[in-house]
Every structure is written in structure tokens, then in C-alpha cells.
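File shown: protein-v2.cif. Contents: mmCIF, C-alpha atoms (C1' of nucleotides).
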```cif
data_input
loop_
_atom_site.label_atom_id
_atom_site.label_comp_id
_atom_site.auth_asym_id
_atom_site.auth_seq_id
_atom_site.Cartn_x
_atom_site.Cartn_y
_atom_site.Cartn_z
CA MET O 1 126.78 81.47 104.32
CA SER O 2 128.25 82.54 107.61
CA THR O 3 126.46 85.85 107.93
CA ASN O 4 123.22 86.68 109.54
CA ARG O 5 122.06 83.28 110.65
CA THR O 6 119.67 85.02 112.96
CA ALA O 7 117.36 85.95 110.12
CA VAL O 8 117.34 82.35 108.88
CA GLY O 9 116.89 80.94 112.35
CA SER O 10 114.34 83.54 113.18
CA ALA O 11 111.86 82.40 110.59
CA ARG O 12 112.43 78.76 111.42
CA ASP O 13 112.10 79.42 115.12
CA ARG O 14 108.96 81.42 114.67
CA ILE O 15 107.43 78.55 112.72
CA LEU O 16 108.49 76.02 115.30
CA ASP O 17 107.29 78.13 118.21
CA THR O 18 103.89 78.52 116.62
CA ALA O 19 103.68 74.88 115.61
CA PHE O 20 104.58 73.78 119.10
CA ARG O 21 101.88 75.89 120.65
CA LEU O 22 99.17 74.91 118.18
CA PHE O 23 100.10 71.25 117.85
CA TYR O 24 100.16 70.79 121.57
CA ALA O 25 96.82 72.50 122.05
CA HIS O 26 94.87 70.83 119.24
CA GLY O 27 96.97 67.93 118.09
CA PRO O 28 99.02 67.99 114.88
CA ARG O 29 96.14 66.73 112.82
CA GLY O 30 93.86 69.38 114.20
CA VAL O 31 96.02 72.22 112.92
CA GLY O 32 96.39 73.00 109.26
CA VAL O 33 99.61 74.23 107.73
CA ASP O 34 97.79 77.39 106.72
CA THR O 35 97.05 78.16 110.35
CA VAL O 36 100.69 77.76 111.33
CA ILE O 37 101.61 80.08 108.47
CA ALA O 38 99.07 82.70 109.42
CA GLU O 39 99.94 82.72 113.11
CA SER O 40 103.69 82.70 112.64
CA GLY O 41 103.56 85.45 110.02
CA VAL O 42 105.59 83.49 107.53
CA ALA O 43 105.20 82.73 103.86
CA LYS O 44 104.07 79.28 102.81
CA ALA O 45 107.18 78.74 100.70
CA THR O 46 109.35 79.52 103.72
CA LEU O 47 107.64 76.92 105.83
CA TYR O 48 107.95 74.30 103.13
CA LYS O 49 111.57 75.21 102.62
CA HIS O 50 112.42 74.45 106.24
CA PHE O 51 109.98 71.57 106.62
CA PRO O 52 109.35 69.92 103.24
CA ARG O 53 106.47 67.88 104.64
CA LYS O 54 104.12 68.46 107.47
CA ASP O 55 105.46 65.33 109.11
CA ASP O 56 108.87 67.00 109.31
CA LEU O 57 107.30 69.81 111.27
CA VAL O 58 105.55 67.30 113.53
CA LEU O 59 108.86 65.54 114.16
CA ALA O 60 110.51 68.85 115.04
CA TYR O 61 107.59 69.52 117.38
CA LEU O 62 108.14 66.19 119.09
CA ASP O 63 111.86 66.90 119.44
CA ARG O 64 111.12 70.18 121.11
CA ALA O 65 108.56 68.54 123.39
CA ASP O 66 111.15 65.90 124.25
CA GLN O 67 113.68 68.54 125.19
CA ALA O 68 111.14 70.37 127.31
CA TRP O 69 109.72 67.39 129.18
CA PHE O 70 112.85 65.29 129.53
CA GLY O 71 114.72 68.45 130.51
CA ALA O 72 112.18 69.29 133.20
CA LEU O 73 112.37 65.72 134.46
CA ARG O 74 116.15 65.83 134.81
CA ALA O 75 116.07 69.28 136.36
CA SER O 76 113.56 68.15 138.97
CA ALA O 77 115.65 65.09 139.71
CA ARG O 78 118.78 67.20 140.06
CA ASP O 79 117.03 69.63 142.37
CA ALA O 80 116.10 66.76 144.66
CA GLY O 81 119.71 66.27 145.72
CA ASP O 82 122.55 63.91 145.00
CA GLU O 83 120.94 60.68 146.15
CA PRO O 84 119.46 58.68 143.22
CA ARG O 85 116.80 57.51 145.62
CA ASP O 86 115.61 61.05 146.25
CA GLN O 87 115.86 61.86 142.58
CA LEU O 88 113.48 59.03 141.69
CA VAL O 89 110.82 60.72 143.78
CA GLY O 90 111.91 64.26 143.05
CA MET O 91 111.38 63.92 139.33
CA PHE O 92 107.66 63.94 140.04
CA ASP O 93 107.98 67.66 140.68
CA ALA O 94 108.11 67.96 136.91
CA LEU O 95 104.65 66.44 136.76
CA THR O 96 103.35 68.87 139.34
CA GLY O 97 104.83 71.74 137.39
CA ALA O 98 103.27 70.52 134.17
CA CYS O 99 99.83 70.18 135.77
CA ARG O 100 99.98 73.72 137.07
CA ARG O 101 101.09 75.19 133.79
CA ASP O 102 98.48 77.14 131.88
CA GLY O 103 97.17 75.39 128.81
CA TYR O 104 98.27 72.04 130.15
CA HIS O 105 96.86 69.42 127.84
CA GLY O 106 98.41 66.10 128.73
CA CYS O 107 101.28 64.23 127.16
CA ALA O 108 102.40 65.50 123.77
CA PHE O 109 103.68 62.06 122.84
CA ILE O 110 100.66 60.00 123.79
CA ASN O 111 98.35 62.56 122.23
CA THR O 112 100.34 62.57 119.01
CA ALA O 113 100.75 58.81 118.94
CA ALA O 114 97.00 58.41 119.25
CA GLU O 115 96.45 60.08 115.91
CA SER O 116 99.48 58.83 113.99
CA PRO O 117 99.59 55.75 111.77
CA ALA O 118 101.26 52.91 113.63
CA GLY O 119 104.06 52.23 111.18
CA GLY O 120 105.04 55.81 110.40
CA PRO O 121 107.99 57.94 111.48
CA VAL O 122 105.91 60.13 113.79
CA HIS O 123 104.65 57.21 115.81
CA ALA O 124 108.17 55.79 115.96
CA ARG O 125 109.48 59.05 117.39
CA THR O 126 106.95 59.01 120.21
CA VAL O 127 107.93 55.47 121.13
CA GLU O 128 111.58 56.46 121.02
CA HIS O 129 110.98 59.27 123.50
CA LYS O 130 109.32 56.99 126.01
CA THR O 131 112.10 54.45 125.60
CA VAL O 132 114.80 57.02 126.27
CA VAL O 133 113.03 58.33 129.35
CA ARG O 134 112.51 54.86 130.75
CA ALA O 135 116.15 53.98 130.14
CA TRP O 136 117.17 57.06 132.10
CA VAL O 137 114.86 56.13 134.98
CA THR O 138 116.17 52.57 134.88
CA GLU O 139 119.72 53.82 135.24
CA LEU O 140 118.64 55.99 138.15
CA ALA O 141 116.96 53.00 139.79
CA ARG O 142 120.07 50.92 139.25
CA ARG O 143 122.26 53.56 140.86
CA ALA O 144 119.80 53.75 143.74
CA GLY O 145 120.40 50.07 144.35
CA ALA O 146 117.08 48.61 143.27
CA ALA O 147 116.99 44.83 143.06
CA ASP O 148 115.01 45.01 139.85
CA PRO O 149 115.73 48.41 138.29
CA GLU O 150 113.70 47.65 135.18
CA LEU O 151 110.59 46.85 137.15
CA LEU O 152 110.90 49.90 139.35
CA ALA O 153 111.51 52.10 136.32
CA ARG O 154 108.47 50.67 134.62
CA GLN O 155 106.36 51.28 137.67
CA LEU O 156 107.52 54.86 138.01
CA THR O 157 107.18 55.72 134.34
CA LEU O 158 103.74 54.16 134.46
CA LEU O 159 102.83 56.69 137.12
CA LEU O 160 104.33 59.50 135.10
CA ASP O 161 102.47 58.43 131.98
CA GLY O 162 99.24 58.07 133.88
CA GLY O 163 99.56 61.52 135.38
CA LEU O 164 100.55 63.07 132.08
CA ALA O 165 97.94 61.26 130.02
CA SER O 166 95.11 62.15 132.39
CA GLY O 167 96.00 65.76 131.85
CA VAL O 168 94.16 65.76 128.55
CA LEU O 169 90.96 65.15 130.50
CA ASP O 170 91.51 66.99 133.73
CA GLY O 171 94.57 68.91 134.82
CA ASP O 172 93.87 68.54 138.51
CA PRO O 173 97.15 68.95 140.44
CA ALA O 174 95.80 66.40 142.93
CA ILE O 175 96.80 63.84 140.32
CA ALA O 176 100.43 64.86 140.56
CA GLU O 177 100.30 64.68 144.33
CA ALA O 178 98.78 61.20 144.25
CA ALA O 179 101.43 60.10 141.78
CA ARG O 180 104.20 61.45 143.99
CA GLN O 181 102.90 59.64 147.06
CA SER O 182 102.64 56.41 145.06
CA ALA O 183 106.18 56.91 143.83
CA ARG O 184 107.48 57.41 147.36
CA LEU O 185 105.84 54.19 148.42
CA LEU O 186 107.17 52.23 145.46
CA VAL O 187 110.69 53.54 145.91
CA ASP O 188 110.70 52.82 149.64
CA ALA O 189 109.40 49.33 149.04
CA ALA O 190 111.96 48.58 146.34
CA LEU O 191 114.96 49.97 148.22
CA GLY O 192 114.03 48.82 151.70
CA MET I 193 56.31 49.75 114.87
CA SER I 194 56.69 46.62 116.95
CA THR I 195 57.66 44.25 114.17
CA ASN I 196 61.04 43.29 112.88
CA ARG I 197 63.24 45.47 114.98
CA THR I 198 66.14 43.30 113.93
CA ALA I 199 66.29 44.83 110.46
CA VAL I 200 66.30 48.31 111.94
CA GLY I 201 68.84 47.39 114.57
CA SER I 202 70.89 45.51 112.07
CA ALA I 203 71.85 48.55 110.01
CA ARG I 204 72.49 50.65 113.09
CA ASP I 205 74.55 47.92 114.69
CA ARG I 206 76.56 47.36 111.55
CA ILE I 207 77.38 51.07 111.44
CA LEU I 208 78.31 51.14 115.10
CA ASP I 209 80.40 47.98 114.89
CA THR I 210 82.35 49.39 111.97
CA ALA I 211 82.72 52.80 113.56
CA PHE I 212 83.96 51.27 116.78
CA ARG I 213 86.61 49.26 114.99
CA LEU I 214 87.79 52.11 112.78
CA PHE I 215 87.55 54.88 115.36
CA TYR I 216 89.50 52.88 117.89
CA ALA I 217 92.21 51.97 115.39
CA HIS I 218 92.72 55.39 113.78
CA GLY I 219 90.93 57.86 116.01
CA PRO I 220 87.57 59.40 115.11
CA ARG I 221 89.17 62.23 113.22
CA GLY I 222 91.25 59.82 111.21
CA VAL I 223 88.23 58.07 109.76
CA GLY I 224 85.89 59.70 107.29
CA VAL I 225 82.18 59.07 107.26
CA ASP I 226 82.54 57.69 103.74
CA THR I 227 84.89 55.01 105.03
CA VAL I 228 82.42 53.95 107.70
CA ILE I 229 79.72 53.80 105.04
CA ALA I 230 81.83 51.76 102.65
CA GLU I 231 83.00 49.25 105.25
CA SER I 232 79.65 48.79 106.91
CA GLY I 233 77.85 48.36 103.58
CA VAL I 234 75.26 50.97 104.37
CA ALA I 235 73.80 53.89 102.50
CA LYS I 236 74.87 57.36 103.44
CA ALA I 237 71.30 58.44 104.17
CA THR I 238 70.93 55.52 106.56
CA LEU I 239 73.96 56.53 108.56
CA TYR I 240 72.84 60.13 108.78
CA LYS I 241 69.36 58.98 109.77
CA HIS I 242 70.68 57.13 112.81
CA PHE I 243 73.48 59.60 113.57
CA PRO I 244 72.58 63.07 112.30
CA ARG I 245 76.10 64.33 112.92
CA LYS I 246 79.42 62.62 113.02
CA ASP I 247 79.75 63.68 116.64
CA ASP I 248 76.67 61.59 117.44
CA LEU I 249 78.45 58.58 116.03
CA VAL I 250 81.55 59.42 118.04
CA LEU I 251 79.46 59.68 121.21
CA ALA I 252 77.88 56.29 120.48
CA TYR I 253 81.39 54.93 119.97
CA LEU I 254 82.46 56.27 123.35
CA ASP I 255 79.38 54.76 124.99
CA ARG I 256 80.21 51.39 123.55
CA ALA I 257 83.82 51.73 124.64
CA ASP I 258 82.60 52.66 128.11
CA GLN I 259 80.43 49.57 128.30
CA ALA I 260 83.30 47.38 127.13
CA TRP I 261 86.01 48.77 129.40
CA PHE I 262 83.98 49.51 132.50
CA GLY I 263 82.28 46.12 132.06
CA ALA I 264 85.62 44.34 131.86
CA LEU I 265 86.79 46.22 134.93
CA ARG I 266 83.76 45.17 136.98
CA ALA I 267 83.94 41.60 135.71
CA SER I 268 87.59 41.32 136.71
CA ALA I 269 86.82 42.76 140.12
CA ARG I 270 83.94 40.32 140.59
CA ASP I 271 86.13 37.38 139.57
CA ALA I 272 88.63 38.32 142.26
CA GLY I 273 86.23 37.32 145.02
CA ASP I 274 83.92 38.99 147.50
CA GLU I 275 86.48 41.05 149.38
CA PRO I 276 86.65 44.66 148.13
CA ARG I 277 90.31 44.60 148.96
CA ASP I 278 90.95 41.75 146.52
CA GLN I 279 88.72 43.37 143.97
CA LEU I 280 90.82 46.54 143.97
CA VAL I 281 93.78 44.50 142.83
CA GLY I 282 91.78 42.04 140.74
CA MET I 283 90.43 44.73 138.46
CA PHE I 284 93.91 45.02 136.99
CA ASP I 285 93.24 41.75 135.20
CA ALA I 286 91.15 43.83 132.83
CA LEU I 287 94.29 45.77 131.95
CA THR I 288 96.20 42.58 131.31
CA GLY I 289 93.41 41.34 129.10
CA ALA I 290 93.33 44.59 127.16
CA CYS I 291 97.10 44.54 126.59
CA ARG I 292 96.94 41.04 125.21
CA ARG I 293 94.06 41.75 122.89
CA ASP I 294 94.89 41.99 119.22
CA GLY I 295 94.76 45.48 117.82
CA TYR I 296 95.19 46.98 121.27
CA HIS I 297 95.71 50.68 120.82
CA GLY I 298 95.52 52.27 124.23
CA CYS I 299 92.68 54.09 125.91
CA ALA I 300 89.77 55.03 123.66
CA PHE I 301 88.91 57.96 125.90
CA ILE I 302 92.32 59.51 126.23
CA ASN I 303 92.96 59.02 122.54
CA THR I 304 89.67 60.63 121.63
CA ALA I 305 90.02 63.42 124.17
CA ALA I 306 93.40 64.28 122.68
CA GLU I 307 91.83 65.22 119.38
CA SER I 308 88.56 66.73 120.57
CA PRO I 309 87.95 70.43 121.23
CA ALA I 310 88.06 71.08 124.95
CA GLY I 311 84.60 72.54 125.35
CA GLY I 312 82.68 70.14 123.14
CA PRO I 313 80.33 67.25 123.96
CA VAL I 314 82.81 64.60 122.87
CA HIS I 315 85.48 65.79 125.26
CA ALA I 316 82.87 66.07 128.02
CA ARG I 317 81.87 62.45 127.49
CA THR I 318 85.43 61.23 127.91
CA VAL I 319 85.77 63.13 131.16
CA GLU I 320 82.45 61.73 132.33
CA HIS I 321 83.66 58.19 131.73
CA LYS I 322 86.79 58.68 133.81
CA THR I 323 84.74 60.31 136.56
CA VAL I 324 82.31 57.40 136.72
CA VAL I 325 85.08 54.83 136.84
CA ARG I 326 86.91 56.68 139.57
CA ALA I 327 83.71 57.02 141.61
CA TRP I 328 83.25 53.27 141.36
CA VAL I 329 86.82 52.63 142.51
CA THR I 330 86.37 55.14 145.32
CA GLU I 331 83.33 53.25 146.56
CA LEU I 332 85.29 50.01 146.40
CA ALA I 333 88.10 51.60 148.39
CA ARG I 334 85.62 52.89 150.94
CA ARG I 335 84.09 49.43 151.37
CA ALA I 336 87.58 48.01 151.72
CA GLY I 337 88.10 50.31 154.67
CA ALA I 338 90.62 52.74 153.27
CA ALA I 339 91.34 55.74 155.47
CA ASP I 340 91.36 58.02 152.41
CA PRO I 341 89.28 56.26 149.72
CA GLU I 342 89.57 59.17 147.32
CA LEU I 343 93.34 59.17 147.43
CA LEU I 344 93.59 55.41 147.00
CA ALA I 345 91.12 55.53 144.13
CA ARG I 346 93.09 58.27 142.46
CA GLN I 347 96.31 56.34 142.83
CA LEU I 348 94.79 53.19 141.39
CA THR I 349 93.04 54.87 138.49
CA LEU I 350 96.29 56.67 137.80
CA LEU I 351 97.90 53.30 137.35
CA LEU I 352 95.07 52.11 135.14
CA ASP I 353 95.25 55.23 133.00
CA GLY I 354 99.01 54.96 132.73
CA GLY I 355 98.79 51.35 131.65
CA LEU I 356 96.02 52.05 129.20
CA ALA I 357 97.51 55.22 127.79
CA SER I 358 100.91 53.64 127.21
CA GLY I 359 99.18 51.06 125.09
CA VAL I 360 99.05 53.49 122.19
CA LEU I 361 102.83 53.37 122.11
CA ASP I 362 103.67 49.87 123.14
CA GLY I 363 101.26 47.11 124.14
CA ASP I 364 103.79 45.24 126.24
CA PRO I 365 101.93 43.06 128.79
CA ALA I 366 104.82 43.71 131.20
CA ILE I 367 103.17 47.07 131.74
CA ALA I 368 100.05 45.43 133.08
CA GLU I 369 102.11 43.24 135.39
CA ALA I 370 104.02 46.23 136.74
CA ALA I 371 100.76 48.07 137.30
CA ARG I 372 99.29 45.13 139.17
CA GLN I 373 102.29 44.86 141.48
CA SER I 374 102.13 48.57 142.17
CA ALA I 375 98.43 48.26 142.92
CA ARG I 376 99.03 45.44 145.35
CA LEU I 377 101.58 47.53 147.17
CA LEU I 378 99.34 50.59 147.30
CA VAL I 379 96.36 48.62 148.52
CA ASP I 380 98.40 46.84 151.20
CA ALA I 381 99.86 50.13 152.36
CA ALA I 382 96.49 51.85 152.49
CA LEU I 383 94.67 49.05 154.27
CA GLY I 384 97.44 47.98 156.60
"C1'" DA G 385 46.82 44.74 95.84
"C1'" DG G 386 48.27 48.93 97.75
"C1'" DG G 387 50.71 51.75 100.94
"C1'" DC G 388 54.21 52.65 104.30
"C1'" DT G 389 58.86 52.55 105.79
"C1'" DA G 390 63.65 51.50 106.04
"C1'" DA G 391 67.41 51.04 103.44
"C1'" DC G 392 70.20 51.48 99.04
"C1'" DA G 393 72.84 54.13 95.50
"C1'" DG G 394 75.18 57.96 94.42
"C1'" DA G 395 75.45 62.85 92.78
"C1'" DC G 396 76.33 67.22 94.68
"C1'" DA G 397 77.68 71.54 97.30
"C1'" DG G 398 80.82 73.91 100.11
"C1'" DG G 399 84.64 73.77 102.81
"C1'" DT G 400 89.47 72.37 104.26
"C1'" DC G 401 93.64 70.00 103.68
"C1'" DT G 402 98.54 69.46 101.77
"C1'" DG G 403 101.87 70.70 98.68
"C1'" DT G 404 103.49 73.37 94.28
"C1'" DC G 405 104.23 77.29 91.72
"C1'" DT G 406 104.88 82.17 90.06
"C1'" DA G 407 106.09 86.75 90.95
"C1'" DT G 408 107.80 90.30 93.90
"C1'" DC G 409 110.40 92.55 97.70
"C1'" DG G 410 114.43 93.78 100.62
"C1'" DC G 411 118.97 93.47 102.10
"C1'" DG G 412 123.88 92.44 102.39
"C1'" DG G 413 128.26 91.61 99.88
"C1'" DT G 414 131.28 92.60 96.05
"C1'" DA S 415 125.43 99.57 90.90
"C1'" DC S 416 124.25 95.03 90.72
"C1'" DC S 417 123.62 90.25 91.92
"C1'" DG S 418 122.08 86.53 94.91
"C1'" DC S 419 119.25 84.79 98.22
"C1'" DG S 420 115.92 84.34 101.63
"C1'" DA S 421 111.51 85.81 102.61
"C1'" DT S 422 106.71 87.45 101.20
"C1'" DA S 423 102.14 87.11 99.01
"C1'" DG S 424 98.91 84.41 97.21
"C1'" DA S 425 96.89 81.63 93.30
"C1'" DC S 426 96.26 76.94 92.20
"C1'" DA S 427 95.57 71.76 91.80
"C1'" DG S 428 93.92 67.64 93.59
"C1'" DA S 429 92.35 65.15 97.29
"C1'" DC S 430 89.34 64.54 101.11
"C1'" DC S 431 85.80 65.96 104.44
"C1'" DT S 432 80.88 66.59 106.18
"C1'" DG S 433 76.29 66.92 105.30
"C1'" DT S 434 72.13 67.28 101.87
"C1'" DC S 435 69.37 65.78 98.30
"C1'" DT S 436 66.97 62.88 94.62
"C1'" DG S 437 65.41 58.70 93.15
"C1'" DT S 438 64.96 53.56 93.55
"C1'" DT S 439 64.33 48.97 95.74
"C1'" DA S 440 62.63 45.46 99.09
"C1'" DG S 441 59.82 43.86 102.72
"C1'" DC S 442 55.76 44.04 105.88
"C1'" DC S 443 51.02 45.14 107.32
"C1'" DT S 444 46.28 45.94 106.28
#
```

C-alpha cells encoding of this file:
Amino acid sequence: MSTNRTAVGSARDRILDTAFRLFYAHGPRGVGVDTVIAESGVAKATLYKHFPRKDDLVLAYLDRADQAWFGALRASARDAGDEPRDQLVGMFDALTGACRRDGYHGCAFINTAAESPAGGPVHARTVEHKTVVRAWVTELARRAGAADPELLARQLTLLLDGGLASGVLDGDPAIAEAARQSARLLVDAALG
Amino acid sequence: MSTNRTAVGSARDRILDTAFRLFYAHGPRGVGVDTVIAESGVAKATLYKHFPRKDDLVLAYLDRADQAWFGALRASARDAGDEPRDQLVGMFDALTGACRRDGYHGCAFINTAAESPAGGPVHARTVEHKTVVRAWVTELARRAGAADPELLARQLTLLLDGGLASGVLDGDPAIAEAARQSARLLVDAALG
DNA sequence: AGGCTAACAGACAGGTCTGTCTATCGCGGT
DNA sequence: ACCGCGATAGACAGACCTGTCTGTTAGCCT
């Protein structure tokens, strides 16, 4: 039980790595389980052992996407300095980075939500992600001294979502730059 | 040839009406041709006569969505008065209207693009739509006297896309209100 | 009345999807 | 040496998908 977890984790990680790459590129519904199996070099039974249903794999994909995107957002904010005000603008560096990345294909959550039944667990997870991110931005706006932190957070996340979502059509980095300039203006206006 | 076009148009329209409703709600890939046939009360041969491939039906769906959304955008702008400056903000009424509409499920183009192969005609059509809309906004910004019409147009369409795209997660009308306030600020800043 | 055309009804082929199942292999611990 | 366990390989069922094909029905024009 306590020995050689690496082998166990290795198979699971290989599956998840492959699923992340394929799901993000083509959407979960556009990738069959057989393709994930073939490209990760894993047996079908192994995949279904770790992820009894395809939805479980999709949820794990969303969790990994959440870690990646939310992590990048917080890292960009941190790199912008100690002032919450600067962090609110600095987090848009994460958008710039995403736009430049090869294979950039928009927002994993919006893309997945678009093809998931409204009542299901997958759709709920996408909503949860956006809620968590907005709550974090709201807290940042509050600490920055915004009169209406919720409004400012909504405005900024709107810009983030717009920039991310457009990426599925056109990954032009000019989008990220426009978003950043808008953000600067909004933050300056809200904080005086 | 010139008689009774209504019967001909009737079947085609019924197909397109049904496809529009189903495709928008579940995504084109989430709806089988058989479902469209069953719900539109049409024979399979009839559907394939009017739309030889499913992609043709998807393209017709996108065209109808373009007419609806772009039309609403122009109508809202027109209703805001004769000043291009007011129109740039007024067009956000279309977003408010969309958020309030029952069955609102985000942006038909982003949702469809998310599940369409990158090189294909369907994806190209979604990009084309966004390009046309942005060109229209750019012209409006130019007439309003913006120093950098392209930048302002990009910032405003970014807000529109963000508001629309978020709709697939959460159709909160507060989003539209936040977008409108952001737009007002951006327009005021750009036009002095 | 007869012919043309659009639409209806539905079987069918060929492929893909998810999820289950059987049988085998390899390796580490006792 | 042997057992247990995770992984491999791949057949299989049942559902669903697109697209084609055959045959029938209803209305309109000459």
C-alpha cells in the first residue's frame, strides 16, 4: 500500500496529462476515451479504474485547468508588487501569457460549459471556478479600497473572460493589451 | 417555379427554426440530425435536400444567429440617438436584453467555435462574424472621433464578448450592467 | 386527367461512442 | 517459490451518429 506510488501515479498522471491536452484542444466531447487511451499508452481498464466515468476525467481536467489558470493569475498578481491596486492590473499579465502560449484555445471553462448539460456536475464545476476567481478578485478590490469591490471585480473578471473567451476565435495578443489598458482605466476610476 | 414558395420555405424554415433552438441550447455537436428531424416534423430526405451536410445546417444556424445578434446590436445603437458616442454605449442594451431572455446560453459563436475544428468552415464563419461586428464598432468609434478607433473598438467588443461568453455559465443581468458602466467609462476616456 | 415536384416515412450501412469483460503479463513482498 | 495486484491487450455489447436509398403521398399546373 505504501510502496511504489510512483507507478500508480504515473499511469494516472499520464492519462490526465493526455486528457488535458486533448480536451483543451478539441473539447471533452470532441475526444473519445479511446483516443485518450491510445495517446497515453494506457489500457482501457486502467483508465476506467482511475476514472469510472468519462465525466470524472472531465472533472479532473477542469481541476487541473483551474490550478493552472488561477495559479497563473495569482502569480501575475504577486509579481506586480505588494499593492492590491497594482495586483488588480498586474493579473492581466496572465492573460497576455495565455494568449502567447502555443495552442492557445480560449477558456477551458467556457468552452467546456458550452457543451455540457446545464444541470450536470461538469457545468457546475465550471461555474464554481468562475465564482472562486471572482471572489478572489473581489477581495483584492476590497483590500485596494474600492468603494464597490463587487462591481469592480465583476468589471475586471468580465474583461478577463472576454479576453479568454475570444481566444477560441483569435489568439491575437492585442486583445490582452486592450484588456490591460481597460483594466488600468477601471481601477484608476474606482480608486481615485 | 414561381408558385407557392411558402410550402417550400415552410419546410426549410421549420428545419432552421428547430435547428436554431436546439443548436443554441445544446451546441451543434450535442444535437443529432435525427433529433432535428423529429422535432421539426420533417422527413430526413427533406432535410438533406436543403442542407446536404450537417455543417451546412450549422452554417445556416450561425447566419441566423448573426442576423439576430448583430441586428439587436444595431437596433440598440440606433435607439440610443444620433450621436455615435451615445451609440457606442447604447449598443450594450442588446447585451442586457440577451441576458434577460429566457433560455439565454451565452454567445452562439464562441460556443460553436469551441467545438469546431480550427481549420474548418464552421470555425471560419464564427471568426468572420466577430470580425464584421468589430469593424462596425470601429467605424462607430471613428465617427465618434476616437483617437484610436481600433483600440476603443477592441476594448468595447472585449466587453461584449465577455458579457456574452459568461452567459453560458451564469446569465446574471448584473453582468450586462457592469459591462455598460465599463463601456461608459472607456468611451468617456477615449473621447475626452 | 396526367405529370411534375416537394415532402413524408423509414429502413439501412458504416462508423464512433461509452463502458464492461476476459485473459495475460510483470514485479515486488513474504 | 509463490501470491497479489496493478497494468496491458483487446473483444464485445448497445447506443448513437451521419448520410443514402427506396417507395409513397399530396398538391399544383397544363

Inset, instruction - Considering all atoms listed in the file, extract the chain I residues located within 9 Å of chain O and return them as a PyMOL selection string. - result: chain I and resi 217-222+297-298+301-310+315-316+318-319+322+343-344+346-347+349-358+360-362+366-367+370-371+373-374+377-378+381

Legend entry - Selection near region 396-400 of chain G, 9 Å with all atoms listed in the file, sequence-local residues under 3 positions removed, as a PyMOL selection string: (chain O and resi 32) or (chain S and resi 430-432+434-435)

Return as a short mmCIF file (atom, residue, chain, number, x, y, z; two decimals) with C-alpha atoms (C1' of nucleotides), in the frame of the given file the set of residues that the PyMOL selection byres ((chain G) within 10 of (chain O)) yields on the displayed structure.
```cif
data_model
loop_
_atom_site.label_atom_id
_atom_site.label_comp_id
_atom_site.auth_asym_id
_atom_site.auth_seq_id
_atom_site.Cartn_x
_atom_site.Cartn_y
_atom_site.Cartn_z
"C1'" DT G 400 89.47 72.37 104.26
"C1'" DC G 401 93.64 70.00 103.68
"C1'" DT G 402 98.54 69.46 101.77
"C1'" DG G 403 101.87 70.70 98.68
"C1'" DT G 404 103.49 73.37 94.28
"C1'" DC G 405 104.23 77.29 91.72
"C1'" DG G 412 123.88 92.44 102.39
#
```

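Among the candidate residues I:Phe243, I:Tyr296, I:Phe215, I:Phe284, the one lying nearest to DG433 (chain S) is I:Phe243, with distances computed using all atoms listed in the file.
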
Residues picked by the PyMOL selection byres ((chain S) within 8 of (chain O)) here, as a PDB file with C-alpha atoms (C1' of nucleotides), keeping the file's coordinate frame?
```
ATOM      1  C1'  DG S 420     115.920  84.340 101.630  1.00  0.00           C
ATOM      2  C1'  DA S 421     111.510  85.810 102.610  1.00  0.00           C
ATOM      3  C1'  DT S 422     106.710  87.450 101.200  1.00  0.00           C
ATOM      4  C1'  DA S 423     102.140  87.110  99.010  1.00  0.00           C
TER       5       DA S 423
END
```

Legend entry - Non-local contacts of Cys291 (chain I) (6 Å; all atoms listed in the file; under 2 positions in same chain excluded) as a count of residues only: 5

File output for chain S (C-alpha atoms (C1' of nucleotides)) as an mmCIF file, in the first residue's frame:
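Final file, part.cif:
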```cif
data_model
loop_
_atom_site.group_PDB
_atom_site.id
_atom_site.type_symbol
_atom_site.label_atom_id
_atom_site.label_comp_id
_atom_site.auth_asym_id
_atom_site.auth_seq_id
_atom_site.Cartn_x
_atom_site.Cartn_y
_atom_site.Cartn_z
ATOM 1 C "C1'" DA S 415 8.831 -20.176 -4.980
ATOM 2 C "C1'" DC S 416 4.576 -18.175 -4.898
ATOM 3 C "C1'" DC S 417 0.908 -14.869 -4.337
ATOM 4 C "C1'" DG S 418 -1.289 -10.430 -5.077
ATOM 5 C "C1'" DC S 419 -2.024 -6.551 -7.614
ATOM 6 C "C1'" DG S 420 -1.757 -3.147 -10.974
ATOM 7 C "C1'" DA S 421 -1.263 -2.737 -15.673
ATOM 8 C "C1'" DT S 422 -1.819 -4.491 -20.607
ATOM 9 C "C1'" DA S 423 -4.354 -6.039 -24.730
ATOM 10 C "C1'" DG S 424 -8.342 -6.225 -26.968
ATOM 11 C "C1'" DA S 425 -13.036 -8.296 -27.852
ATOM 12 C "C1'" DC S 426 -17.676 -7.074 -27.130
ATOM 13 C "C1'" DA S 427 -22.440 -5.004 -26.385
ATOM 14 C "C1'" DG S 428 -25.561 -1.429 -27.026
ATOM 15 C "C1'" DA S 429 -26.408 3.076 -28.183
ATOM 16 C "C1'" DC S 430 -25.999 6.892 -31.232
ATOM 17 C "C1'" DC S 431 -24.228 9.368 -35.278
ATOM 18 C "C1'" DT S 432 -24.244 10.870 -40.319
ATOM 19 C "C1'" DG S 433 -25.618 10.177 -44.738
ATOM 20 C "C1'" DT S 434 -28.013 7.194 -48.553
ATOM 21 C "C1'" DC S 435 -31.666 4.865 -50.519
ATOM 22 C "C1'" DT S 436 -36.455 3.062 -51.754
ATOM 23 C "C1'" DG S 437 -41.094 3.774 -52.024
ATOM 24 C "C1'" DT S 438 -45.386 6.524 -51.132
ATOM 25 C "C1'" DT S 439 -48.439 10.609 -50.699
ATOM 26 C "C1'" DA S 440 -50.341 15.284 -51.681
ATOM 27 C "C1'" DG S 441 -50.803 19.381 -54.250
ATOM 28 C "C1'" DC S 442 -50.316 22.308 -58.460
ATOM 29 C "C1'" DC S 443 -50.019 23.318 -63.425
ATOM 30 C "C1'" DT S 444 -51.103 22.273 -68.103
#
```
